[in-house]
Amino acid sequence: MKKQKENFDYAACAQEIFQKVGGRENLRRVTHCATRLRLVTVDDTRADRRALERIEGVKGVFVSGGQLQIIIGPGAVNKVFDEFLKVSGMDDSGQEEVKRVGREKQPLSVSRVLQAIGEVFVPLLPAIVSAGLISGIMELLAKLSPGFAARDWYAILDLFANTAFQFLPVLIAISAATIFGGNRFMAAVIGLIMVHPDLLNAWTAAEMDASQIPQWHVLGLTIRQVGYQSHVIPILIVIWLMSRIEKTLHRHVPESADLFITPLCTILPTAFLALGVIGPVFASAESYMLEFAQWLITVGYGVGSMIMGAIYPLTVVCGVHHMYNVIEAGMLAGHNGTNTWMPIASAANFAQGAACLAVGLKTKNAKMKSAAIASAFSAMLGITEPAIFGINLRLLRPFICAMAGGAVGALLGALLHIGATSYGVSGLPGFLITLDCTWQYALMLAVTFVVTFAATWVTWKEVPQERDAETDSERETENERAETTGEENSEDKIASEAAGSRSIEKSAVENADKKNAAQDSQLRLYSPLKGYAIPLAEVPDETFAGGILGPGIGIEPIGSEIMAPCDGEISLVMGSHAVGITGADGASVLIHVGIDTVKMNGDGFEVFVKQGDPVKTGQPLLRFNIEKIRNAGFSPVTVMVLANAADYGEVRTERFGMVENEDCVLMAGKNDIPY
């Protein structure tokens, strides 16, 4: 097998892929990540996916996000990609550009629009959360010390807390330009124009009579001299329009004049439309939307909140739940600065954790138990994808019970008038942004947990198909049987061939030697970090969960450092979030931190090794910030797979549940030696 790998023709693989995707005329953008070629084609139907899957070296093909993704595997993908660039004559477009073009290629739909809008707000989470926490700390200190509000400390902390909201349109403009493909610096200028200090502050203008607000009269427009500090939708629309204008000009303006004409002819019309048309119209529309959201929370003594608490997880399943960030950001940027939508999301998320925990404590399936308990705690911390997709939705009844529990919790949150100073934080960490109503928030979570847990415990019954094929005792019996096989065989021989005792002893010695040889040849991979080990099938990523890249294990991290699982040499360092190791015996091991963390572009990651470095078991490889991963909206589940499992015999998971770095989690034996 190793010999075949050494002789593998990466150029031939790239050439065949190039032909099967339709050649250069069918390619728009190309890039790669740690395991896949990522291509944006002109027409996906011209790419022969079945033929692609039959190419030697290709492990799978699928289309996602407008991209044709061809799974090659760690290490090999770099070499195939280099050859692909040579044969195609193209340059690496970069992952952000490929994602942007792939998104544009997708047909326009409500789901696509909502996903794009949600993506704008995810990168803003660290800024919003920090501002909200500072605001919460201020309120707590003011309660503990009544005179604190009159001190300079309060004034300067208020400045720190309000900055993100005063200039929120600027932050949104930069993020939106990244998503819509516009120039981020021109977008920042547009955002600054909409909150320029020469304009009346939006909150000040809200308290004035309309006749007192000064106006400009230009180009037939009546422009109110009011800023848009308290609005988020107008800047989204404006930057989308700016990006469209800019792209159109780039296509039609000669290159010699593009540097001068395009920025001028983009900024001027966009700025006039922002202040004269889009701003006033969509600011009013946003105000009505926020009023409706507030009405929904309070209507019928919280019945609206109850309905949203029930259907919130359905929007998570559809991938459009980040759209709620628009509502939350609008509430925070508004005059009262309180996010009353947060309790709905928090109750819904906490309910998923409670349902998952009930499954984990009730099931007799060892693998499901470890996965469910780990996923439950993750959901209670605000990361619900492992619980929803790995356990609750698959079993369905726990998912329905969680919807019911979330509805009850959201109703209680509305009745108790719970509000937050930020968004993007829910579950137990939500206490940090609900300091003004701590006991109410605790009561809401407690009621949510009890209702959901009890409903799941009573209504969910484990069916035989969901149980382990072997119980732990059966495995122990099987192991004991295997260990005593030699003795039993010997007894049979003694009974039937008493005269052959010497040959029996010789056979036993040979069997023991073989067993020792097999033991010595076994590959042991130790846990790369501290956390909760879960089956690979429970990892919320179709490529890893499907075993396309090889057998392995997922880990819900508690620690923040990745250690070497074996002795070997670093064969791959990709984007600071993925590390490949070639073991001393040729094992190809990939460790991938988080799901879709490639989109973080290295933010929150620190790598200690480089390609070619020798490493020892337990040596630190990289460090990551789990909070940054969560705040960016990604799952921190870390995956370790054995990419060249075909070189080995059975690959066996040794341990689930809580694991430390010194715990062996995977074991394998060579094909040519009994395992």
# chains A, B, ... in the order shown; residues from 1 in each chain; ligands from 1
call {"tool": "select_by_dssp", "arguments": {"residues": "range 213-290 of chain A", "states": "strand (DSSP E or B)", "output": "PyMOL selection string"}}
result
chain A and resi 215-218+221-224+226
call {"tool": "closest_residue", "arguments": {"among": "A:Leu590, A:Met574, A:Ala155, A:Ile383", "to": "Val609 in chain A", "atoms": "only C-alpha atoms"}}
result
A:Met574
call {"tool": "closest_residue", "arguments": {"among": "A:Gln611, A:Asn201, A:Ser422, A:Gly657", "to": "Leu125 in chain A", "atoms": "only C-alpha atoms"}}
result
A:Ser422
call {"tool": "closest_residue", "arguments": {"among": "A:Val408, A:Leu415, A:Val607, A:Ile233", "to": "Ile297 in chain A", "atoms": "only C-alpha atoms"}}
result
A:Leu415
call {"tool": "select_by_dssp", "arguments": {"residues": "range 165-285 of chain A", "states": "helix (DSSP H, G or I)", "output": "PDB file with N, CA and C atoms, in the first residue's frame"}}
result
ATOM      1  N   PHE A 165     -22.241  50.025  19.591  1.00  0.00           N
ATOM      2  CA  PHE A 165     -23.608  50.312  19.141  1.00  0.00           C
ATOM      3  C   PHE A 165     -23.707  51.678  18.458  1.00  0.00           C
ATOM      4  N   GLN A 166     -22.892  52.641  18.892  1.00  0.00           N
ATOM      5  CA  GLN A 166     -22.864  53.946  18.231  1.00  0.00           C
ATOM      6  C   GLN A 166     -22.425  53.809  16.782  1.00  0.00           C
ATOM      7  N   LEU A 168     -22.329  50.791  15.081  1.00  0.00           N
ATOM      8  CA  LEU A 168     -22.743  49.486  14.577  1.00  0.00           C
ATOM      9  C   LEU A 168     -22.926  49.472  13.058  1.00  0.00           C
ATOM     10  N   PRO A 169     -23.505  50.510  12.441  1.00  0.00           N
ATOM     11  CA  PRO A 169     -23.610  50.497  10.974  1.00  0.00           C
ATOM     12  C   PRO A 169     -22.268  50.355  10.269  1.00  0.00           C
ATOM     13  N   VAL A 170     -21.199  50.878  10.865  1.00  0.00           N
ATOM     14  CA  VAL A 170     -19.871  50.753  10.250  1.00  0.00           C
ATOM     15  C   VAL A 170     -19.408  49.298  10.304  1.00  0.00           C
ATOM     16  N   LEU A 171     -19.591  48.647  11.472  1.00  0.00           N
ATOM     17  CA  LEU A 171     -19.206  47.242  11.604  1.00  0.00           C
ATOM     18  C   LEU A 171     -20.005  46.366  10.642  1.00  0.00           C
ATOM     19  N   ILE A 172     -21.307  46.650  10.558  1.00  0.00           N
ATOM     20  CA  ILE A 172     -22.158  45.877   9.645  1.00  0.00           C
ATOM     21  C   ILE A 172     -21.732  46.106   8.201  1.00  0.00           C
ATOM     22  N   ALA A 173     -21.376  47.337   7.871  1.00  0.00           N
ATOM     23  CA  ALA A 173     -20.971  47.662   6.497  1.00  0.00           C
ATOM     24  C   ALA A 173     -19.745  46.853   6.077  1.00  0.00           C
ATOM     25  N   ILE A 174     -18.762  46.758   6.964  1.00  0.00           N
ATOM     26  CA  ILE A 174     -17.533  46.023   6.647  1.00  0.00           C
ATOM     27  C   ILE A 174     -17.832  44.538   6.457  1.00  0.00           C
ATOM     28  N   SER A 175     -18.624  43.975   7.377  1.00  0.00           N
ATOM     29  CA  SER A 175     -18.966  42.558   7.282  1.00  0.00           C
ATOM     30  C   SER A 175     -19.825  42.282   6.046  1.00  0.00           C
ATOM     31  N   ALA A 176     -20.791  43.166   5.775  1.00  0.00           N
ATOM     32  CA  ALA A 176     -21.678  42.971   4.622  1.00  0.00           C
ATOM     33  C   ALA A 176     -20.904  43.041   3.311  1.00  0.00           C
ATOM     34  N   ALA A 177     -19.930  43.936   3.233  1.00  0.00           N
ATOM     35  CA  ALA A 177     -19.132  44.035   2.012  1.00  0.00           C
ATOM     36  C   ALA A 177     -18.367  42.743   1.755  1.00  0.00           C
ATOM     37  N   THR A 178     -17.902  42.099   2.830  1.00  0.00           N
ATOM     38  CA  THR A 178     -17.208  40.823   2.687  1.00  0.00           C
ATOM     39  C   THR A 178     -18.138  39.755   2.113  1.00  0.00           C
ATOM     40  N   ILE A 179     -19.375  39.743   2.587  1.00  0.00           N
ATOM     41  CA  ILE A 179     -20.349  38.748   2.126  1.00  0.00           C
ATOM     42  C   ILE A 179     -20.829  39.057   0.714  1.00  0.00           C
ATOM     43  N   PHE A 180     -21.086  40.348   0.420  1.00  0.00           N
ATOM     44  CA  PHE A 180     -21.663  40.730  -0.874  1.00  0.00           C
ATOM     45  C   PHE A 180     -20.618  40.977  -1.950  1.00  0.00           C
ATOM     46  N   ARG A 184     -14.430  46.676   1.151  1.00  0.00           N
ATOM     47  CA  ARG A 184     -14.744  46.885   2.563  1.00  0.00           C
ATOM     48  C   ARG A 184     -14.447  48.308   3.025  1.00  0.00           C
ATOM     49  N   PHE A 185     -13.445  48.928   2.424  1.00  0.00           N
ATOM     50  CA  PHE A 185     -13.087  50.283   2.863  1.00  0.00           C
ATOM     51  C   PHE A 185     -14.095  51.305   2.351  1.00  0.00           C
ATOM     52  N   MET A 186     -14.574  51.113   1.135  1.00  0.00           N
ATOM     53  CA  MET A 186     -15.638  51.991   0.655  1.00  0.00           C
ATOM     54  C   MET A 186     -16.913  51.755   1.461  1.00  0.00           C
ATOM     55  N   ALA A 187     -17.168  50.503   1.829  1.00  0.00           N
ATOM     56  CA  ALA A 187     -18.330  50.207   2.658  1.00  0.00           C
ATOM     57  C   ALA A 187     -18.220  50.885   4.014  1.00  0.00           C
ATOM     58  N   ALA A 188     -17.004  50.890   4.583  1.00  0.00           N
ATOM     59  CA  ALA A 188     -16.801  51.558   5.869  1.00  0.00           C
ATOM     60  C   ALA A 188     -17.086  53.054   5.745  1.00  0.00           C
ATOM     61  N   VAL A 189     -16.689  53.652   4.626  1.00  0.00           N
ATOM     62  CA  VAL A 189     -16.967  55.078   4.409  1.00  0.00           C
ATOM     63  C   VAL A 189     -18.469  55.327   4.381  1.00  0.00           C
ATOM     64  N   ILE A 190     -19.215  54.472   3.685  1.00  0.00           N
ATOM     65  CA  ILE A 190     -20.674  54.616   3.633  1.00  0.00           C
ATOM     66  C   ILE A 190     -21.259  54.492   5.037  1.00  0.00           C
ATOM     67  N   GLY A 191     -20.764  53.518   5.802  1.00  0.00           N
ATOM     68  CA  GLY A 191     -21.232  53.353   7.172  1.00  0.00           C
ATOM     69  C   GLY A 191     -20.948  54.571   8.026  1.00  0.00           C
ATOM     70  N   LEU A 192     -19.771  55.155   7.859  1.00  0.00           N
ATOM     71  CA  LEU A 192     -19.415  56.356   8.623  1.00  0.00           C
ATOM     72  C   LEU A 192     -20.275  57.552   8.209  1.00  0.00           C
ATOM     73  N   ILE A 193     -20.592  57.634   6.925  1.00  0.00           N
ATOM     74  CA  ILE A 193     -21.477  58.715   6.466  1.00  0.00           C
ATOM     75  C   ILE A 193     -22.827  58.624   7.177  1.00  0.00           C
ATOM     76  N   MET A 194     -23.325  57.417   7.377  1.00  0.00           N
ATOM     77  CA  MET A 194     -24.646  57.238   7.972  1.00  0.00           C
ATOM     78  C   MET A 194     -24.668  57.492   9.476  1.00  0.00           C
ATOM     79  N   ALA A 202     -29.378  59.574  16.288  1.00  0.00           N
ATOM     80  CA  ALA A 202     -30.708  58.985  16.083  1.00  0.00           C
ATOM     81  C   ALA A 202     -31.540  58.996  17.355  1.00  0.00           C
ATOM     82  N   TRP A 203     -30.899  58.767  18.500  1.00  0.00           N
ATOM     83  CA  TRP A 203     -31.648  58.731  19.757  1.00  0.00           C
ATOM     84  C   TRP A 203     -32.102  60.134  20.171  1.00  0.00           C
ATOM     85  N   THR A 204     -31.251  61.132  19.886  1.00  0.00           N
ATOM     86  CA  THR A 204     -31.646  62.515  20.172  1.00  0.00           C
ATOM     87  C   THR A 204     -32.799  62.938  19.272  1.00  0.00           C
ATOM     88  N   ALA A 205     -32.713  62.577  17.980  1.00  0.00           N
ATOM     89  CA  ALA A 205     -33.762  62.946  17.030  1.00  0.00           C
ATOM     90  C   ALA A 205     -35.094  62.298  17.387  1.00  0.00           C
ATOM     91  N   ALA A 206     -35.049  61.100  17.991  1.00  0.00           N
ATOM     92  CA  ALA A 206     -36.285  60.401  18.342  1.00  0.00           C
ATOM     93  C   ALA A 206     -37.085  61.152  19.389  1.00  0.00           C
ATOM     94  N   ALA A 210     -40.724  66.519  14.784  1.00  0.00           N
ATOM     95  CA  ALA A 210     -40.268  66.408  13.399  1.00  0.00           C
ATOM     96  C   ALA A 210     -39.942  67.764  12.789  1.00  0.00           C
ATOM     97  N   SER A 211     -40.670  68.811  13.177  1.00  0.00           N
ATOM     98  CA  SER A 211     -40.436  70.152  12.610  1.00  0.00           C
ATOM     99  C   SER A 211     -39.124  70.758  13.075  1.00  0.00           C
ATOM    100  N   GLN A 212     -38.549  70.219  14.133  1.00  0.00           N
ATOM    101  CA  GLN A 212     -37.295  70.759  14.671  1.00  0.00           C
ATOM    102  C   GLN A 212     -36.066  70.149  14.010  1.00  0.00           C
ATOM    103  N   ILE A 233     -30.957  47.379   9.347  1.00  0.00           N
ATOM    104  CA  ILE A 233     -31.421  46.962   8.021  1.00  0.00           C
ATOM    105  C   ILE A 233     -31.035  47.960   6.926  1.00  0.00           C
ATOM    106  N   PRO A 234     -31.151  49.292   7.146  1.00  0.00           N
ATOM    107  CA  PRO A 234     -30.773  50.222   6.072  1.00  0.00           C
ATOM    108  C   PRO A 234     -29.347  50.030   5.575  1.00  0.00           C
ATOM    109  N   ILE A 235     -28.400  49.831   6.488  1.00  0.00           N
ATOM    110  CA  ILE A 235     -27.008  49.695   6.064  1.00  0.00           C
ATOM    111  C   ILE A 235     -26.809  48.392   5.285  1.00  0.00           C
ATOM    112  N   LEU A 236     -27.554  47.331   5.633  1.00  0.00           N
ATOM    113  CA  LEU A 236     -27.478  46.082   4.866  1.00  0.00           C
ATOM    114  C   LEU A 236     -27.897  46.312   3.411  1.00  0.00           C
ATOM    115  N   ILE A 237     -29.029  46.991   3.237  1.00  0.00           N
ATOM    116  CA  ILE A 237     -29.527  47.261   1.887  1.00  0.00           C
ATOM    117  C   ILE A 237     -28.568  48.166   1.128  1.00  0.00           C
ATOM    118  N   VAL A 238     -28.058  49.169   1.808  1.00  0.00           N
ATOM    119  CA  VAL A 238     -27.156  50.132   1.164  1.00  0.00           C
ATOM    120  C   VAL A 238     -25.878  49.447   0.674  1.00  0.00           C
ATOM    121  N   ILE A 239     -25.271  48.586   1.504  1.00  0.00           N
ATOM    122  CA  ILE A 239     -24.007  47.937   1.123  1.00  0.00           C
ATOM    123  C   ILE A 239     -24.252  46.906   0.021  1.00  0.00           C
ATOM    124  N   TRP A 240     -25.396  46.252   0.045  1.00  0.00           N
ATOM    125  CA  TRP A 240     -25.716  45.351  -1.064  1.00  0.00           C
ATOM    126  C   TRP A 240     -25.781  46.140  -2.370  1.00  0.00           C
ATOM    127  N   LEU A 241     -26.442  47.290  -2.347  1.00  0.00           N
ATOM    128  CA  LEU A 241     -26.545  48.124  -3.544  1.00  0.00           C
ATOM    129  C   LEU A 241     -25.171  48.649  -3.956  1.00  0.00           C
ATOM    130  N   MET A 242     -24.389  49.098  -2.987  1.00  0.00           N
ATOM    131  CA  MET A 242     -23.037  49.583  -3.286  1.00  0.00           C
ATOM    132  C   MET A 242     -22.210  48.508  -3.977  1.00  0.00           C
ATOM    133  N   SER A 243     -22.295  47.269  -3.485  1.00  0.00           N
ATOM    134  CA  SER A 243     -21.523  46.169  -4.068  1.00  0.00           C
ATOM    135  C   SER A 243     -21.952  45.897  -5.504  1.00  0.00           C
ATOM    136  N   ARG A 244     -23.256  45.984  -5.773  1.00  0.00           N
ATOM    137  CA  ARG A 244     -23.748  45.777  -7.134  1.00  0.00           C
ATOM    138  C   ARG A 244     -23.240  46.874  -8.074  1.00  0.00           C
ATOM    139  N   ILE A 245     -23.289  48.113  -7.605  1.00  0.00           N
ATOM    140  CA  ILE A 245     -22.802  49.231  -8.434  1.00  0.00           C
ATOM    141  C   ILE A 245     -21.312  49.068  -8.714  1.00  0.00           C
ATOM    142  N   GLU A 246     -20.559  48.749  -7.687  1.00  0.00           N
ATOM    143  CA  GLU A 246     -19.109  48.611  -7.832  1.00  0.00           C
ATOM    144  C   GLU A 246     -18.747  47.510  -8.831  1.00  0.00           C
ATOM    145  N   LYS A 247     -19.394  46.361  -8.729  1.00  0.00           N
ATOM    146  CA  LYS A 247     -19.099  45.257  -9.646  1.00  0.00           C
ATOM    147  C   LYS A 247     -19.451  45.617 -11.085  1.00  0.00           C
ATOM    148  N   THR A 248     -20.564  46.295 -11.265  1.00  0.00           N
ATOM    149  CA  THR A 248     -20.977  46.698 -12.611  1.00  0.00           C
ATOM    150  C   THR A 248     -19.951  47.640 -13.230  1.00  0.00           C
ATOM    151  N   LEU A 249     -19.484  48.586 -12.428  1.00  0.00           N
ATOM    152  CA  LEU A 249     -18.488  49.541 -12.931  1.00  0.00           C
ATOM    153  C   LEU A 249     -17.173  48.844 -13.254  1.00  0.00           C
ATOM    154  N   HIS A 250     -16.761  47.908 -12.420  1.00  0.00           N
ATOM    155  CA  HIS A 250     -15.522  47.169 -12.679  1.00  0.00           C
ATOM    156  C   HIS A 250     -15.586  46.443 -14.029  1.00  0.00           C
ATOM    157  N   ARG A 251     -16.766  45.961 -14.387  1.00  0.00           N
ATOM    158  CA  ARG A 251     -16.913  45.221 -15.638  1.00  0.00           C
ATOM    159  C   ARG A 251     -16.885  46.137 -16.864  1.00  0.00           C
ATOM    160  N   HIS A 252     -17.317  47.384 -16.725  1.00  0.00           N
ATOM    161  CA  HIS A 252     -17.491  48.249 -17.888  1.00  0.00           C
ATOM    162  C   HIS A 252     -16.498  49.397 -17.992  1.00  0.00           C
ATOM    163  N   GLU A 255      -9.674  49.664 -17.633  1.00  0.00           N
ATOM    164  CA  GLU A 255      -8.745  49.490 -16.520  1.00  0.00           C
ATOM    165  C   GLU A 255      -7.948  50.751 -16.221  1.00  0.00           C
ATOM    166  N   SER A 256      -7.613  51.518 -17.238  1.00  0.00           N
ATOM    167  CA  SER A 256      -6.812  52.719 -17.039  1.00  0.00           C
ATOM    168  C   SER A 256      -7.532  53.769 -16.202  1.00  0.00           C
ATOM    169  N   ALA A 257      -8.868  53.735 -16.217  1.00  0.00           N
ATOM    170  CA  ALA A 257      -9.638  54.735 -15.470  1.00  0.00           C
ATOM    171  C   ALA A 257     -10.378  54.131 -14.282  1.00  0.00           C
ATOM    172  N   ASP A 258     -10.268  52.831 -14.113  1.00  0.00           N
ATOM    173  CA  ASP A 258     -11.056  52.137 -13.083  1.00  0.00           C
ATOM    174  C   ASP A 258     -10.749  52.651 -11.681  1.00  0.00           C
ATOM    175  N   LEU A 259      -9.493  52.919 -11.394  1.00  0.00           N
ATOM    176  CA  LEU A 259      -9.100  53.353 -10.056  1.00  0.00           C
ATOM    177  C   LEU A 259      -9.757  54.673  -9.667  1.00  0.00           C
ATOM    178  N   PHE A 260     -10.049  55.531 -10.618  1.00  0.00           N
ATOM    179  CA  PHE A 260     -10.606  56.848 -10.314  1.00  0.00           C
ATOM    180  C   PHE A 260     -12.125  56.863 -10.451  1.00  0.00           C
ATOM    181  N   ILE A 261     -12.608  56.298 -11.544  1.00  0.00           N
ATOM    182  CA  ILE A 261     -14.042  56.403 -11.840  1.00  0.00           C
ATOM    183  C   ILE A 261     -14.883  55.504 -10.939  1.00  0.00           C
ATOM    184  N   THR A 262     -14.443  54.264 -10.727  1.00  0.00           N
ATOM    185  CA  THR A 262     -15.271  53.318  -9.969  1.00  0.00           C
ATOM    186  C   THR A 262     -15.529  53.765  -8.529  1.00  0.00           C
ATOM    187  N   PRO A 263     -14.501  54.152  -7.747  1.00  0.00           N
ATOM    188  CA  PRO A 263     -14.803  54.593  -6.377  1.00  0.00           C
ATOM    189  C   PRO A 263     -15.711  55.824  -6.340  1.00  0.00           C
ATOM    190  N   LEU A 264     -15.435  56.808  -7.222  1.00  0.00           N
ATOM    191  CA  LEU A 264     -16.231  58.036  -7.223  1.00  0.00           C
ATOM    192  C   LEU A 264     -17.684  57.745  -7.580  1.00  0.00           C
ATOM    193  N   CYS A 265     -17.864  56.961  -8.633  1.00  0.00           N
ATOM    194  CA  CYS A 265     -19.222  56.680  -9.108  1.00  0.00           C
ATOM    195  C   CYS A 265     -19.922  55.607  -8.270  1.00  0.00           C
ATOM    196  N   THR A 266     -19.214  55.053  -7.309  1.00  0.00           N
ATOM    197  CA  THR A 266     -19.841  54.128  -6.363  1.00  0.00           C
ATOM    198  C   THR A 266     -20.259  54.869  -5.099  1.00  0.00           C
ATOM    199  N   ILE A 267     -19.348  55.664  -4.547  1.00  0.00           N
ATOM    200  CA  ILE A 267     -19.611  56.351  -3.278  1.00  0.00           C
ATOM    201  C   ILE A 267     -20.713  57.401  -3.415  1.00  0.00           C
ATOM    202  N   LEU A 268     -20.632  58.245  -4.450  1.00  0.00           N
ATOM    203  CA  LEU A 268     -21.580  59.366  -4.563  1.00  0.00           C
ATOM    204  C   LEU A 268     -23.044  58.917  -4.660  1.00  0.00           C
ATOM    205  N   PRO A 269     -23.407  58.098  -5.630  1.00  0.00           N
ATOM    206  CA  PRO A 269     -24.823  57.697  -5.698  1.00  0.00           C
ATOM    207  C   PRO A 269     -25.270  56.875  -4.492  1.00  0.00           C
ATOM    208  N   THR A 270     -24.370  56.030  -3.988  1.00  0.00           N
ATOM    209  CA  THR A 270     -24.745  55.208  -2.832  1.00  0.00           C
ATOM    210  C   THR A 270     -25.012  56.081  -1.615  1.00  0.00           C
ATOM    211  N   ALA A 271     -24.164  57.090  -1.402  1.00  0.00           N
ATOM    212  CA  ALA A 271     -24.334  57.970  -0.236  1.00  0.00           C
ATOM    213  C   ALA A 271     -25.635  58.761  -0.331  1.00  0.00           C
ATOM    214  N   PHE A 272     -25.934  59.300  -1.509  1.00  0.00           N
ATOM    215  CA  PHE A 272     -27.186  60.054  -1.676  1.00  0.00           C
ATOM    216  C   PHE A 272     -28.400  59.152  -1.445  1.00  0.00           C
ATOM    217  N   LEU A 273     -28.355  57.942  -2.020  1.00  0.00           N
ATOM    218  CA  LEU A 273     -29.475  57.014  -1.841  1.00  0.00           C
ATOM    219  C   LEU A 273     -29.591  56.559  -0.389  1.00  0.00           C
ATOM    220  N   ALA A 274     -28.454  56.423   0.279  1.00  0.00           N
ATOM    221  CA  ALA A 274     -28.468  55.986   1.672  1.00  0.00           C
ATOM    222  C   ALA A 274     -29.185  56.986   2.563  1.00  0.00           C
ATOM    223  N   LEU A 275     -28.850  58.274   2.415  1.00  0.00           N
ATOM    224  CA  LEU A 275     -29.432  59.295   3.282  1.00  0.00           C
ATOM    225  C   LEU A 275     -30.792  59.777   2.791  1.00  0.00           C
ATOM    226  N   GLY A 276     -31.011  59.729   1.469  1.00  0.00           N
ATOM    227  CA  GLY A 276     -32.233  60.318   0.931  1.00  0.00           C
ATOM    228  C   GLY A 276     -33.374  59.357   0.698  1.00  0.00           C
ATOM    229  N   VAL A 277     -33.068  58.061   0.432  1.00  0.00           N
ATOM    230  CA  VAL A 277     -34.139  57.120   0.075  1.00  0.00           C
ATOM    231  C   VAL A 277     -34.101  55.867   0.955  1.00  0.00           C
ATOM    232  N   ILE A 278     -33.006  55.119   0.841  1.00  0.00           N
ATOM    233  CA  ILE A 278     -32.944  53.814   1.512  1.00  0.00           C
ATOM    234  C   ILE A 278     -33.009  53.963   3.027  1.00  0.00           C
ATOM    235  N   GLY A 279     -32.249  54.911   3.562  1.00  0.00           N
ATOM    236  CA  GLY A 279     -32.236  55.122   5.003  1.00  0.00           C
ATOM    237  C   GLY A 279     -33.619  55.388   5.567  1.00  0.00           C
ATOM    238  N   PRO A 280     -34.310  56.437   5.089  1.00  0.00           N
ATOM    239  CA  PRO A 280     -35.644  56.740   5.641  1.00  0.00           C
ATOM    240  C   PRO A 280     -36.653  55.606   5.449  1.00  0.00           C
ATOM    241  N   VAL A 281     -36.679  55.009   4.243  1.00  0.00           N
ATOM    242  CA  VAL A 281     -37.687  53.984   3.961  1.00  0.00           C
ATOM    243  C   VAL A 281     -37.468  52.739   4.813  1.00  0.00           C
ATOM    244  N   PHE A 282     -36.239  52.209   4.806  1.00  0.00           N
ATOM    245  CA  PHE A 282     -36.002  50.956   5.511  1.00  0.00           C
ATOM    246  C   PHE A 282     -35.823  51.147   7.011  1.00  0.00           C
ATOM    247  N   ALA A 283     -35.488  52.356   7.440  1.00  0.00           N
ATOM    248  CA  ALA A 283     -35.476  52.628   8.877  1.00  0.00           C
ATOM    249  C   ALA A 283     -36.890  52.525   9.428  1.00  0.00           C
ATOM    250  N   SER A 284     -37.844  53.063   8.688  1.00  0.00           N
ATOM    251  CA  SER A 284     -39.245  52.947   9.102  1.00  0.00           C
ATOM    252  C   SER A 284     -39.694  51.490   9.084  1.00  0.00           C
ATOM    253  N   ALA A 285     -39.311  50.765   8.025  1.00  0.00           N
ATOM    254  CA  ALA A 285     -39.681  49.352   7.934  1.00  0.00           C
ATOM    255  C   ALA A 285     -39.091  48.561   9.098  1.00  0.00           C
TER     256      ALA A 285
END
